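Text of coords_27.cif (mmCIF, C-alpha atoms) as supplied:
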```cif
data_target
loop_
_atom_site.label_atom_id
_atom_site.label_comp_id
_atom_site.auth_asym_id
_atom_site.auth_seq_id
_atom_site.Cartn_x
_atom_site.Cartn_y
_atom_site.Cartn_z
CA MET A 1 84.77 152.07 119.45
CA HIS A 2 84.53 153.23 115.84
CA GLU A 3 81.86 155.86 115.22
CA ARG A 4 81.50 155.19 111.48
CA SER A 5 81.30 151.98 109.47
CA VAL A 6 81.84 151.33 105.77
CA LEU A 7 81.58 148.39 103.38
CA VAL A 8 83.93 148.40 100.37
CA THR A 9 83.40 146.03 97.44
CA GLY A 10 86.23 144.80 95.25
CA ALA A 11 88.61 145.34 98.16
CA ALA A 12 91.29 142.77 97.43
CA ARG A 13 93.56 144.95 95.30
CA GLY A 14 94.13 148.31 93.67
CA ILE A 15 91.74 151.14 94.49
CA GLY A 16 89.62 148.96 96.78
CA ARG A 17 92.51 147.89 98.95
CA ALA A 18 93.98 151.41 99.11
CA THR A 19 90.55 152.71 100.07
CA CYS A 20 90.13 150.22 102.92
CA GLU A 21 93.54 151.13 104.31
CA SER A 22 92.89 154.88 104.02
CA LEU A 23 89.47 154.64 105.65
CA ALA A 24 90.89 152.54 108.50
CA ARG A 25 93.58 155.16 109.11
CA ALA A 26 90.86 157.81 109.17
CA GLY A 27 89.11 155.99 112.01
CA TRP A 28 86.41 154.10 110.14
CA GLU A 29 85.35 150.55 110.94
CA VAL A 30 86.07 148.95 107.60
CA PHE A 31 84.49 145.84 106.11
CA ALA A 32 86.46 144.76 103.05
CA GLY A 33 84.34 142.78 100.61
CA VAL A 34 86.34 140.21 98.64
CA ARG A 35 85.36 137.23 96.52
CA ASN A 36 88.21 135.11 97.86
CA LEU A 37 88.71 135.02 101.62
CA SER A 38 92.39 134.24 101.14
CA ALA A 39 92.63 138.03 100.91
CA LEU A 40 92.15 138.02 104.70
CA GLU A 41 95.85 137.74 105.54
CA PRO A 42 97.08 141.08 104.12
CA PHE A 43 94.45 142.95 106.13
CA GLU A 44 94.87 141.14 109.46
CA ALA A 45 97.31 143.64 110.96
CA THR A 46 95.17 146.65 110.06
CA GLY A 47 92.03 145.92 112.03
CA ILE A 48 90.03 145.68 108.78
CA THR A 49 87.33 143.02 108.77
CA VAL A 50 87.30 140.94 105.59
CA VAL A 51 83.94 139.56 104.47
CA GLU A 52 83.15 137.28 101.58
CA LEU A 53 81.30 139.30 98.98
CA ASP A 54 80.68 138.44 95.35
CA VAL A 55 78.50 141.23 93.98
CA THR A 56 76.90 138.80 91.50
CA ASP A 57 75.82 136.44 94.33
CA SER A 58 72.78 137.58 96.31
CA ALA A 59 73.55 135.22 99.20
CA THR A 60 77.01 136.66 99.81
CA ILE A 61 75.64 140.20 99.46
CA ALA A 62 73.03 139.56 102.15
CA ALA A 63 75.54 137.88 104.46
CA ALA A 64 78.15 140.61 104.03
CA VAL A 65 75.68 143.43 104.67
CA GLU A 66 74.29 141.59 107.71
CA ARG A 67 77.81 141.10 109.10
CA ALA A 68 78.73 144.73 108.51
CA SER A 69 75.48 145.92 110.09
CA GLU A 70 75.49 143.75 113.21
CA ARG A 71 75.96 146.63 115.66
CA ARG A 72 74.43 149.46 113.66
CA SER A 73 73.50 150.35 110.09
CA LEU A 74 76.30 151.14 107.71
CA ASP A 75 77.29 154.77 107.38
CA CYS A 76 78.87 154.33 103.96
CA LEU A 77 79.00 151.96 101.00
CA VAL A 78 81.83 152.12 98.47
CA ASN A 79 80.92 150.31 95.25
CA ASN A 80 84.30 149.56 93.71
CA ALA A 81 84.12 146.05 92.21
CA GLY A 82 84.47 145.97 88.45
CA TYR A 83 86.39 144.91 85.37
CA ALA A 84 86.47 145.67 81.64
CA VAL A 85 85.68 143.92 78.38
CA PHE A 86 87.90 144.89 75.44
CA GLY A 87 86.52 144.33 71.95
CA ALA A 88 84.79 145.88 68.97
CA ILE A 89 81.03 146.38 69.17
CA GLU A 90 80.50 144.23 66.07
CA GLU A 91 82.52 141.32 67.40
CA ALA A 92 82.16 141.34 71.18
CA ASP A 93 80.79 138.23 72.85
CA LEU A 94 77.42 139.22 74.32
CA ASP A 95 77.70 136.68 77.12
CA GLU A 96 80.95 138.38 78.17
CA ALA A 97 79.21 141.75 77.97
CA ARG A 98 76.29 140.56 80.10
CA ALA A 99 78.64 139.04 82.69
CA MET A 100 80.54 142.33 82.96
CA PHE A 101 77.30 144.27 83.44
CA GLU A 102 76.34 141.81 86.19
CA THR A 103 79.43 142.94 88.12
CA ASN A 104 79.89 146.58 87.14
CA PHE A 105 76.26 147.66 87.10
CA PHE A 106 73.81 145.12 88.51
CA GLY A 107 76.28 144.10 91.21
CA ALA A 108 76.66 147.67 92.40
CA LEU A 109 72.89 148.10 92.22
CA ALA A 110 72.27 144.94 94.24
CA VAL A 111 74.65 145.90 97.05
CA THR A 112 73.21 149.41 97.11
CA GLN A 113 69.68 148.04 97.45
CA ALA A 114 70.85 145.86 100.34
CA VAL A 115 72.24 148.77 102.37
CA LEU A 116 69.68 151.49 101.62
CA PRO A 117 66.94 150.36 104.04
CA GLY A 118 69.37 150.53 106.97
CA MET A 119 70.69 153.92 105.93
CA ARG A 120 67.22 155.30 105.43
CA GLY A 121 66.06 153.90 108.75
CA SER A 122 68.95 155.46 110.63
CA GLY A 123 68.49 158.85 109.00
CA GLY A 124 71.21 158.87 106.38
CA GLY A 125 74.40 157.54 104.87
CA VAL A 126 76.71 157.86 101.90
CA VAL A 127 76.94 155.78 98.74
CA VAL A 128 80.23 156.27 96.91
CA ASN A 129 80.30 154.75 93.43
CA VAL A 130 83.77 154.29 91.98
CA SER A 131 83.25 154.98 88.32
CA SER A 132 85.68 156.35 85.74
CA ILE A 133 86.13 159.33 83.48
CA ALA A 134 84.72 156.74 81.06
CA ALA A 135 81.31 157.83 82.37
CA ARG A 136 81.83 161.07 80.42
CA VAL A 137 83.92 160.16 77.36
CA THR A 138 84.13 156.96 75.34
CA ALA A 139 87.02 155.29 73.55
CA PRO A 140 86.71 152.73 70.75
CA LEU A 141 86.87 149.03 71.61
CA PHE A 142 85.96 149.74 75.23
CA GLY A 143 82.42 150.90 74.45
CA ILE A 144 80.72 148.06 76.34
CA TYR A 145 82.81 148.67 79.46
CA TYR A 146 82.19 152.41 79.25
CA ALA A 147 78.47 151.73 78.80
CA SER A 148 78.44 150.06 82.23
CA LYS A 149 79.92 153.24 83.70
CA TYR A 150 77.38 155.45 81.92
CA ALA A 151 74.64 153.22 83.35
CA LEU A 152 76.08 153.54 86.87
CA ARG A 153 76.19 157.30 86.45
CA SER A 154 72.48 157.40 85.55
CA VAL A 155 71.52 155.33 88.59
CA SER A 156 73.76 157.44 90.82
CA GLU A 157 72.11 160.66 89.69
CA ALA A 158 68.66 159.20 90.29
CA LEU A 159 69.65 157.90 93.73
CA ALA A 160 71.07 161.29 94.68
CA MET A 161 67.60 162.76 94.18
CA GLU A 162 65.72 159.84 95.75
CA GLY A 163 68.02 159.63 98.74
CA ALA A 164 68.27 163.32 99.58
CA PRO A 165 65.00 163.49 101.58
CA HIS A 166 66.30 160.60 103.70
CA GLY A 167 69.72 162.06 104.38
CA ILE A 168 71.48 159.78 101.87
CA ARG A 169 74.25 161.36 99.81
CA VAL A 170 75.79 159.98 96.64
CA ALA A 171 79.20 160.62 95.09
CA MET A 172 80.68 159.48 91.77
CA ILE A 173 84.46 159.06 91.84
CA GLU A 174 85.83 159.37 88.30
CA PRO A 175 89.53 158.53 88.00
CA GLY A 176 91.44 158.42 84.75
CA MET A 177 94.40 156.10 84.31
CA VAL A 178 95.29 154.58 87.69
CA ASP A 179 98.40 152.58 88.55
CA THR A 180 96.60 149.43 89.69
CA GLY A 181 97.47 146.81 87.09
CA PHE A 182 93.89 147.15 85.83
CA SER A 183 94.94 145.54 82.54
CA GLN A 184 94.88 142.25 84.46
CA ALA A 185 91.15 142.80 84.94
CA VAL A 186 90.46 143.26 81.22
CA ARG A 187 88.78 140.41 79.38
CA ARG A 188 89.36 140.18 75.65
CA ALA A 189 86.33 139.62 73.44
CA GLY A 190 86.60 139.06 69.71
CA PRO A 191 89.34 139.16 67.05
CA ALA A 192 90.12 142.87 67.47
CA SER A 193 91.18 142.33 71.07
CA GLU A 194 93.89 140.00 69.74
CA GLY A 195 94.92 142.45 67.00
CA HIS A 196 93.13 140.65 64.17
CA GLY A 197 90.19 141.28 61.84
CA PRO A 198 88.80 144.55 60.47
CA TYR A 199 89.43 146.39 63.76
CA GLY A 200 92.87 144.92 64.43
CA GLU A 201 94.77 148.02 63.27
CA LEU A 202 92.64 150.27 65.46
CA ALA A 203 93.22 147.93 68.42
CA ALA A 204 96.98 148.12 67.98
CA GLU A 205 96.82 151.92 67.86
CA LEU A 206 94.60 152.01 70.94
CA VAL A 207 96.90 149.76 72.97
CA ALA A 208 99.83 151.99 72.05
CA GLY A 209 97.79 155.09 72.90
CA PHE A 210 96.87 153.74 76.31
CA ARG A 211 100.51 152.83 76.92
CA ARG A 212 101.60 156.41 76.19
CA TRP A 213 98.78 157.71 78.39
CA ARG A 214 99.87 155.45 81.23
CA GLU A 215 103.50 156.57 80.92
CA ARG A 216 102.53 160.25 80.85
CA LEU A 217 99.67 160.37 83.34
CA ASN A 218 99.22 157.56 85.86
CA THR A 219 97.43 158.33 89.11
CA ASP A 220 98.40 156.57 92.32
CA PRO A 221 95.51 154.49 93.77
CA HIS A 222 96.00 156.24 97.12
CA GLU A 223 95.04 159.53 95.45
CA VAL A 224 91.77 157.91 94.39
CA ALA A 225 91.37 156.51 97.91
CA ALA A 226 91.84 159.99 99.36
CA ALA A 227 89.01 161.27 97.16
CA ILE A 228 86.79 158.41 98.33
CA VAL A 229 87.53 159.17 101.98
CA ALA A 230 86.72 162.84 101.38
CA ALA A 231 83.41 161.86 99.76
CA ALA A 232 82.58 159.47 102.60
CA GLU A 233 83.29 162.20 105.14
CA GLY A 234 81.08 164.71 103.44
CA ASP A 235 82.90 167.07 101.08
CA GLY A 236 79.59 167.34 99.24
CA ALA A 237 80.74 167.00 95.61
CA PHE A 238 78.78 164.62 93.37
CA HIS A 239 81.10 164.22 90.36
CA VAL A 240 84.71 163.89 91.53
CA PRO A 241 87.30 163.62 88.74
CA VAL A 242 90.60 162.26 90.11
CA GLY A 243 93.93 162.75 88.35
CA HIS A 244 95.14 165.35 85.91
CA ASP A 245 94.00 163.30 82.91
CA SER A 246 90.50 162.88 84.34
CA ARG A 247 90.13 166.59 84.97
CA GLU A 248 91.49 167.33 81.50
CA LEU A 249 89.05 164.96 79.81
CA ALA A 250 86.13 166.22 81.92
CA GLN A 251 86.89 169.77 80.79
CA MET A 252 87.17 168.59 77.20
CA ARG A 253 83.73 166.97 77.46
CA ALA A 254 82.27 170.17 78.93
CA ASP A 255 83.80 172.35 76.23
CA SER A 256 82.88 170.21 73.22
CA ASP A 257 79.76 169.02 71.48
CA ASP A 258 79.37 165.29 70.79
CA GLU A 259 81.01 165.38 67.35
CA GLN A 260 83.95 167.39 68.63
CA THR A 261 84.35 165.04 71.60
CA LEU A 262 84.63 161.97 69.36
CA ARG A 263 87.33 163.68 67.32
CA ARG A 264 89.22 164.99 70.33
CA VAL A 265 89.24 161.62 72.11
CA GLY A 266 90.83 160.11 69.01
CA GLU A 267 93.44 162.87 69.04
CA TYR A 268 94.05 162.42 72.77
CA LEU A 269 94.85 158.76 72.19
CA GLY A 270 96.81 159.40 68.98
CA LEU A 271 94.54 157.21 66.85
CA GLU A 272 95.74 157.93 63.32
CA SER A 273 93.14 155.69 61.69
CA LEU A 274 90.35 157.94 63.04
CA ARG A 275 91.74 161.13 61.54
CA PRO A 276 89.64 162.59 58.70
#
```

Show the structure stored in the file as structure tokens.
Amino acid sequence: MHERSVLVTGAARGIGRATCESLARAGWEVFAGVRNLSALEPFEATGITVVELDVTDSATIAAAVERASERRSLDCLVNNAGYAVFGAIEEADLDEARAMFETNFFGALAVTQAVLPGMRGSGGGVVVNVSSIAARVTAPLFGIYYASKYALRSVSEALAMEGAPHGIRVAMIEPGMVDTGFSQAVRRAGPASEGHGPYGELAAELVAGFRRWRERLNTDPHEVAAAIVAAAEGDGAFHVPVGHDSRELAQMRADSDDEQTLRRVGEYLGLESLRP
């Protein structure tokens, strides 16, 4: 009999899948939330229970939390589901931006609300929000995506204070570049994202900068999963940068004022068009 249970959103691939596997190996009863139940097969041999969970659908949220809480309240929630919108602020499709916030921010908020009563009633639990170093520093053309991470950070900090009297801990996992094929989860919005228009040159530089970043510093998703397991099991840290690049950028943010940070991010990515 497992002594601890956890629900992981966005579990079908990348960080979510690595996290489910790592938690299962650590002895947790794992409920892997996926939008498409065809993801069941890869998990069958691991003892992981796959549940249908679309974080933008209240019915699947309620059903998944009920399934995961059948025997006892959840001990941990890992909010991992998310994707990015790539485009200039001036040009980005606001419907695309709203849809992304529904997943990255409101989706995480909705699942958290669904599990908190059980955690509070049982005397505690852990909410692990998988964010990004993007919650501390911003890059051009990804401002809307990064805004969703800043919003999640704000809610996480508030929940850490609200939950503490009830034994509920919160952790923010903040990886940098992770080898997950995340580019497949990026939705293009506006001419710049296709290399056209007034921001097309900047977009080309940014894509090249991210490519160099990925080649130089690319964290394995299992390293992120290890940090999530540590947070779930109570290492106590709230902000958890993962990867050399994440720690480097976090230190840069701490050492710089806002104006310096904007300049240094441009330098970090090699964006010539942003040089004075």

Taking all atoms of range 96-108 of chain A that appear in the file, build a box with edges along x, y and z, extend it by 8 Å on every side, and state its centre and edge lengths in Å to one decimal, as JSON.
```
{"center_x": 77.4, "center_y": 143.0, "center_z": 85.2, "size_x": 23.1, "size_y": 25.3, "size_z": 30.4}
```

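Take the candidates A:Val186, A:Ile89, A:Met177, A:Leu7 and check each one against Ala68 in chain A using only C-alpha atoms; the shortest distance goes to A:Leu7.
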
Residues near range 114-118 of chain A, anyone? I mean within 12 Å using all atoms listed in the file, not counting same-chain ones fewer than 6 positions away, as a ChimeraX atom specification. /A:5-8,55,58-79,107-108,124-127,159,162-163,166-170

Test item: which residues lie within 12 Å of (83.4, 151.7, 76.6) counting all atoms listed in the file, as number ranges by chain: A: 83-89, 92, 97, 100-101, 132-151, 186

Mind giving me the straight-line distance from CA of Asn80 in chain A to CA of Thr19 in chain A in Å, one decimal?
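Going from CA of Asn80 in chain A over to CA of Thr19 in chain A covers 9.5 Å.
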
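Across the structure, CA of Ala250 in chain A and CA of Ala192 in chain A are spaced 27.7 Å apart.
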
Could you list, as a PDB file with C-alpha atoms, keeping the file's coordinate frame, every residue matched by the PyMOL selection byres ((chain A and resi 240) around 6) in this structure?
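File written: result_7.pdb
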```pdb
ATOM      1  CA  MET A 172      80.680 159.480  91.770  1.00  0.00           C
ATOM      2  CA  ILE A 173      84.460 159.060  91.840  1.00  0.00           C
ATOM      3  CA  GLU A 174      85.830 159.370  88.300  1.00  0.00           C
ATOM      4  CA  HIS A 239      81.100 164.220  90.360  1.00  0.00           C
ATOM      5  CA  PRO A 241      87.300 163.620  88.740  1.00  0.00           C
TER       6      PRO A 241
END
```

| request: Using only C-alpha atoms, find all polymer residues with an atom at most 6 Å away from the point (81.2, 141.5, 100.0); report them as an MDAnalysis selection string. | output: chainID A and resid 9 33:34 51:54 61 64

Restricting to only C-alpha atoms, whichever of A:Gly176, A:Gly27, A:Gly10, A:Gly195 is closest to Asn104 in chain A is A:Gly10
